[in-house]
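Visitor: Supplied in structure tokens, the structure appears directly below.
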Amino acid sequence: MIPETPSGTPSVVTVEPFDAHGATVIVDGDLDLAVVPELEEAMAAVTANGHRHLVIDLSAATFLDSMATGVLLASLRPLRAHHDAAVVLAGATGIVERSLVVSGVGSLFSMFPDRPTAIRRVRGSTDTLRQSWRQIGRRSSPLR
């Protein structure tokens with residue numbers, strides 16, 4: 001069953017916890033201005049529920065615009081204070097991967113080819129994962 005938004009339309013963003021501190025945010029479709037409220041709600045719920053190890057699964061994403069990217073980055077602010085927080089991307093291909101590369105956002109995260117690999121890595125030592133996302137919005141941030 002595909003989750004639905006309050007308006008009855010299929011959800012583009014869903015969340016699946018994978019352990020007490022970890023969750024996967026799954027995007028299925030276009031991640032654009034129309035989906036921003038849904039993305040904000042999902043990310044707020046994930047961080048409010050204590051999930052500090054996040055996998056953003058983009059394997060079924062068909063588009064990623066700058067507004068949704070900004071909301072995604074802004075939603076990570078509450079995790080900065082947690083030294084053990086980790087956020088990784090999984091499954092980005094095609095136009096979504098290109099958007100991440102061209103914007104420079106992809107370089108802020110460790111990226112993995114699929115969700116199972118990303119979950120294994122985020123559950124393990126986070127010392128080797130890219131943590132540049134922690135700098136977003138700070139004065140020295142290149143994507144300020």
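Labels used: A, B, ... for chains in the order of the structure tokens, numbers from 1 for residues in each chain, and numbers from 1 for ligands as shown.
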Tell me, as a PyMOL selection string, which residues lie within 12 Å of Arg98 (chain A), counting only C-alpha atoms; anything in the same chain fewer than 5 positions away does not count.

Guide: chain A and resi 62-65+92-93+103-107

Visitor: Calculated over only C-alpha atoms, which of the candidates A:Gly91, A:Leu108, A:Met43, A:Ala61 has the smallest distance to Pro78 (chain A)?

Guide: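 Under the stated criterion, the closest residue is A:Met43.
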
Visitor: Using DSSP assignments from the backbone, pull out every residue in region 16-125 of chain A that falls under alpha helix (DSSP H) and give it to me as an MDAnalysis selection string.

Guide: chainID A and resid 36:48 66:74 94:103 115:123

Visitor: For C-alpha atoms, I'd like the residues from the last selection saved as a PDB file, in the first residue's frame.

Guide:
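Okay, out_33.pdb is ready:
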```
ATOM      1  CA  VAL A  36       8.381  20.545  -0.038  1.00  0.00           C
ATOM      2  CA  PRO A  37       5.726  20.488   2.754  1.00  0.00           C
ATOM      3  CA  GLU A  38       5.711  16.686   2.713  1.00  0.00           C
ATOM      4  CA  LEU A  39       9.527  16.605   2.873  1.00  0.00           C
ATOM      5  CA  GLU A  40       9.585  19.130   5.734  1.00  0.00           C
ATOM      6  CA  GLU A  41       7.049  17.093   7.685  1.00  0.00           C
ATOM      7  CA  ALA A  42       8.891  13.804   7.161  1.00  0.00           C
ATOM      8  CA  MET A  43      12.279  15.250   8.133  1.00  0.00           C
ATOM      9  CA  ALA A  44      10.847  16.981  11.217  1.00  0.00           C
ATOM     10  CA  ALA A  45       9.240  13.717  12.343  1.00  0.00           C
ATOM     11  CA  VAL A  46      12.452  11.761  11.825  1.00  0.00           C
ATOM     12  CA  THR A  47      14.570  14.114  13.906  1.00  0.00           C
ATOM     13  CA  ALA A  48      11.845  14.569  16.554  1.00  0.00           C
ATOM     14  CA  SER A  66      16.770  23.477  -5.648  1.00  0.00           C
ATOM     15  CA  MET A  67      13.881  24.298  -3.304  1.00  0.00           C
ATOM     16  CA  ALA A  68      13.567  20.689  -2.132  1.00  0.00           C
ATOM     17  CA  THR A  69      17.352  20.457  -1.814  1.00  0.00           C
ATOM     18  CA  GLY A  70      17.361  23.553   0.391  1.00  0.00           C
ATOM     19  CA  VAL A  71      14.605  22.153   2.599  1.00  0.00           C
ATOM     20  CA  LEU A  72      16.463  18.867   2.936  1.00  0.00           C
ATOM     21  CA  LEU A  73      19.649  20.652   3.996  1.00  0.00           C
ATOM     22  CA  ALA A  74      17.835  22.978   6.401  1.00  0.00           C
ATOM     23  CA  GLY A  94      20.367  10.088 -13.722  1.00  0.00           C
ATOM     24  CA  ILE A  95      19.067  13.619 -13.408  1.00  0.00           C
ATOM     25  CA  VAL A  96      18.910  13.410  -9.601  1.00  0.00           C
ATOM     26  CA  GLU A  97      22.587  12.460  -9.371  1.00  0.00           C
ATOM     27  CA  ARG A  98      23.467  15.188 -11.861  1.00  0.00           C
ATOM     28  CA  SER A  99      21.568  17.767  -9.816  1.00  0.00           C
ATOM     29  CA  LEU A 100      23.504  16.741  -6.689  1.00  0.00           C
ATOM     30  CA  VAL A 101      26.851  16.895  -8.499  1.00  0.00           C
ATOM     31  CA  VAL A 102      26.256  20.181 -10.334  1.00  0.00           C
ATOM     32  CA  SER A 103      24.935  21.923  -7.214  1.00  0.00           C
ATOM     33  CA  ARG A 115      19.806   1.460   0.445  1.00  0.00           C
ATOM     34  CA  PRO A 116      21.153  -1.763   2.045  1.00  0.00           C
ATOM     35  CA  THR A 117      24.758  -0.630   1.536  1.00  0.00           C
ATOM     36  CA  ALA A 118      23.972   2.830   2.925  1.00  0.00           C
ATOM     37  CA  ILE A 119      22.253   1.377   5.998  1.00  0.00           C
ATOM     38  CA  ARG A 120      25.211  -0.935   6.692  1.00  0.00           C
ATOM     39  CA  ARG A 121      27.633   1.980   6.464  1.00  0.00           C
ATOM     40  CA  VAL A 122      25.607   4.400   8.571  1.00  0.00           C
ATOM     41  CA  ARG A 123      25.155   1.729  11.263  1.00  0.00           C
TER      42      ARG A 123
END
```

Visitor: As an exercise, work out the distance from CA of Leu33 (chain A) to CA of Ala85 (chain A) in Å and give it to one decimal place.

Guide: 27.1 Å
